[in-house]
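**Q** There's a structure below that I have some questions on.
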Amino acid sequence: MVNRQNYHYARQYLDYLTDVTQLDQRSVDRYWFHLKHFLIWADEMALNRVAGVRPAFPAYLTSARLDGAAGSHAPSTLKKIMQTVKRFLIWLKMTYAREFREVTTAWIDALRPPRSVEPPADHEFVTLAEVQQLVAMPIDERDLALRRDQAGAALLFLSGMRAGAFGTLPIAAVDLSSRTLKQWPSLGVETKNGKSATTYLLDIPELLSVVETWDAFIRSQLPLTAMWYTPTMTRWGEQTLSANAPGKNRNLALAKRMHHLFEVAGVPYQSPHKFRHGHAVYALQHAKTMADYKAVSMNLMHEDIRVTDGIYAPLAGNEVQQRIASLTNSTPATPGVNADLAALIRTLSTSQISEALIAIAQQVAHD
């Protein structure tokens with residue numbers, strides 16, 4: 001049975017997220033789903049004494065499911081649950097310092113997602129070559145829906161926008177002359193956690209050309225309040241654009257249309273979110289300095305560069321390892337250093353090498 005005081009603490013934290021940090025209700029509901037696991041694990045034990053509960057919370061998560069399904073949640077879900085719990089505990093220590101003085105910061109920091117018993121799956125992302133294939137496919141000029149889809153694929157890759165924001169982006173929020181997008185909730189753009197930011201497009205001429213052609217066309221047909229990825233209507237075999245507001249299932253409609261575009265172009269389908277992954281990987285591969293890396297992170301609307309690194313650094317497979325290894329090809333300060341360093345690198349995981357790369361770049365920037 002869940003400890004009543006623990007439940008009240010959790011509800012107070014959710015109120016804090018709503019009233020102070022102003023998270024939208026969908027995000028708060030997601031945090032509540034994460035915290036339920038922690039409360040059920042703690043059972044009747046007060047939260048300021050849970051450090052001694054066994055099995056430990058990470059071990060408990062390996063088989064904890066609230067929906068009755070067998071097995072564990074996906075690794076990404078487990079990671080989010082743990083992140084939410086850690087933020088909750090930190091909030092408790094700040095808000096109820098006396099009651100939670102025995103819950104050490106070291107114990108909170110040590111909380112990690114459970115180790116997966118299966119090897120992590122390779123991440124997928126839409127490549128520039130695939131987007132170029134999608135937008136280069138010849139189509140009937142009268143097929144407005146497919147023209148829109150081609151332009152949408154190009155803009156998704158150039159911007160790295162989340163699908164929810166893209167589907168609610170009004171024409172007024174797009175300024176191609178400066179290659180900027182106003183991802184502003186005040187304009188009706190539905191961003192994650194209600195964040196507001198002006199973001200920028202990659203400079204890839206062949207994709208920008210497709211976007212500019214569609215942008216000029218819809219501006220001549222629709223008011224600025226209409227959606228950039230606008231709905232289309234078909235009557236008597238002829239398509240027209242609609243200025244209607246996007247429906248609640250706009251994300252599903254976008255995924256369905258992208259599936260159709262991939263199919264027609266003969267490209268293996270990937271979800272709209274994989275364009276965001278592709279944008280990030282392309283940008284990070286072309287980043288030359290830590291300032292470039294930070295710019296990519298900010299353009300993705302991440303709060304911290306570590307979020308960008310944690311999500312997207314592994315996406316390029318062994319590229320990080322290859323880049324670090326290539327650093328040993330320079331002239332060594334003393335004989336044998338390169339061989340030793342290369343041997344050490346081969347013992348590291350991809351995530352460890354990624355962390356090392358950032359640490360090295362930061363050190364070079366300070367020197």
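Simple scheme: letters A, B, ... for chains in structure tokens order, numbers from 1 for residues in each chain, numbers from 1 for ligands in the order shown.
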Find the residues near Ala106 of chain A: any atom within 12 Å, counting only C-alpha atoms, skip ones fewer than 2 places away on the same chain, and give them as a tab-separated table (two decimals) with N, CA and C atoms, in the first residue's frame.

**A**
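The new file out.tsv reads:
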chain	number	residue	atom	x	y	z
A	51	ALA	N	16.33	4.63	1.00
A	51	ALA	CA	17.66	4.23	0.52
A	51	ALA	C	17.97	2.77	0.87
A	86	LYS	N	14.71	11.38	-9.84
A	86	LYS	CA	15.84	12.14	-9.32
A	86	LYS	C	15.48	13.61	-9.14
A	89	LEU	N	13.29	13.87	-6.03
A	89	LEU	CA	14.05	13.78	-4.78
A	89	LEU	C	14.84	15.05	-4.50
A	90	ILE	N	15.40	15.64	-5.53
A	90	ILE	CA	16.13	16.89	-5.35
A	90	ILE	C	15.17	17.99	-4.87
A	102	GLU	N	18.68	13.19	5.62
A	102	GLU	CA	19.41	11.92	5.58
A	102	GLU	C	19.43	11.28	4.19
A	103	VAL	N	18.65	11.82	3.27
A	103	VAL	CA	18.70	11.35	1.88
A	103	VAL	C	19.84	12.10	1.21
A	104	THR	N	20.94	11.43	1.00
A	104	THR	CA	22.15	12.11	0.53
A	104	THR	C	22.10	12.37	-0.98
A	108	ILE	N	21.22	9.97	-4.45
A	108	ILE	CA	20.37	10.39	-5.57
A	108	ILE	C	21.16	10.33	-6.87
A	109	ASP	N	22.40	10.83	-6.84
A	109	ASP	CA	23.23	10.82	-8.04
A	109	ASP	C	23.51	9.41	-8.53
A	110	ALA	N	23.56	8.46	-7.58
A	110	ALA	CA	23.90	7.08	-7.93
A	110	ALA	C	22.74	6.35	-8.59
A	111	LEU	N	21.55	6.89	-8.55
A	111	LEU	CA	20.41	6.24	-9.19
A	111	LEU	C	20.61	6.23	-10.70
A	112	ARG	N	20.59	5.08	-11.28
A	112	ARG	CA	20.79	4.92	-12.71
A	112	ARG	C	19.73	3.97	-13.26

**Q** Taking the DSSP secondary structure from the backbone, can you list the residues of segment 93-326 of chain A that are alpha helix (DSSP H), as a count of residues only?

**A** 110

**Q** At most 7 Å is the cut-off: for each residue in segment 186-226 of chain A with any atom that close to an atom of segment 166-177 of chain A, write down the nearest atom pair and the distance in Å rounded to one decimal, counting only C-alpha atoms, chain first then increasing number, as JSON lines.

**A**
{"residue": "A:Gly188", "atom": "CA", "partner": "A:Thr168", "partner_atom": "CA", "distance": 6.6}
{"residue": "A:Val189", "atom": "CA", "partner": "A:Thr168", "partner_atom": "CA", "distance": 5.0}
{"residue": "A:Glu190", "atom": "CA", "partner": "A:Thr168", "partner_atom": "CA", "distance": 6.2}
{"residue": "A:Leu224", "atom": "CA", "partner": "A:Ala172", "partner_atom": "CA", "distance": 4.9}
{"residue": "A:Thr225", "atom": "CA", "partner": "A:Pro170", "partner_atom": "CA", "distance": 5.5}
{"residue": "A:Ala226", "atom": "CA", "partner": "A:Pro170", "partner_atom": "CA", "distance": 5.4}

**Q** Taking 4 positions as the minimum chain separation for residues in the same chain, which residues sit within 9 Å of Gly266 of chain A when counting only C-alpha atoms? Answer as a PDB file with C-alpha atoms, in the first residue's frame.

**A**
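Result written to around07.pdb:
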ATOM      1  CA  GLN A 133      15.489  11.248 -52.837  1.00  0.00           C
ATOM      2  CA  LEU A 134      12.084  12.120 -51.368  1.00  0.00           C
ATOM      3  CA  LEU A 261       5.641   9.778 -49.507  1.00  0.00           C
ATOM      4  CA  PHE A 262       8.293   7.232 -48.545  1.00  0.00           C
TER       5      PHE A 262
END

**Q** My list of candidates is A:Ala154, A:Leu254, A:Ile40, A:Leu35. Which is closest to Asn3 of chain A when distances are computed with only C-alpha atoms?

**A**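 Checking each of A:Ala154, A:Leu254, A:Ile40, A:Leu35 against Asn3 of chain A, counting only C-alpha atoms, the winner is A:Ile40.
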
**Q** Between atom CA of Val307 of chain A and atom CA of Pro113 of chain A, measure the distance and give it in Å to one decimal.

**A**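 Here the two named atoms are 15.5 Å from each other.
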
**Q** Counting only C-alpha atoms, which residue out of A:Met290, A:Leu241, A:Pro55, A:Ala283 sits closest to Arg219 of chain A?

**A**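 Closest to Arg219 of chain A of all the choices is A:Leu241.
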
**Q** Which of these residues is nearest to Arg276 of chain A, using only C-alpha atoms: A:Val53, A:Leu47, A:Leu155, A:Leu92?

**A** A:Leu155

**Q** Atom CA of Lys79 of chain A and atom CA of Tyr293 of chain A are how many Å apart?

**A** 23.2 Å

**Q** For Met233 of chain A, which of A:Thr213, A:Pro205, A:Ala145, A:Thr18 is the closest residue, counting only C-alpha atoms?

**A**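 The shortest atom-to-atom distance to Met233 of chain A comes from A:Ala145.
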
**Q** Tell me, as a count of residues only, which residues lie within 9 Å of Pro231 of chain A, counting only C-alpha atoms; anything in the same chain fewer than 5 positions away does not count.

**A** 8

**Q** So that I can see what lies close to Arg4 of chain A, please list as a PyMOL selection string the residues with an atom at most 12 Å from it, counting only C-alpha atoms and leaving out residues fewer than 2 positions away in the same chain.

**A** chain A and resi 1-2+6-11+39-40+42-47

**Q** Could you tell me how far atom CA of Lys294 of chain A sits from atom CA of Val131 of chain A, in Å to one decimal place?

**A**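 Going from atom CA of Val131 of chain A over to atom CA of Lys294 of chain A covers 24.9 Å.
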
**Q** Can you tell me which residues surround Asp15 of chain A at a distance of at most 12 Å, considering only C-alpha atoms, apart from same-chain residues fewer than 6 positions away, and format the answer as a ChimeraX atom specification?

**A** /A:8-9,21-25,28-29,31-32
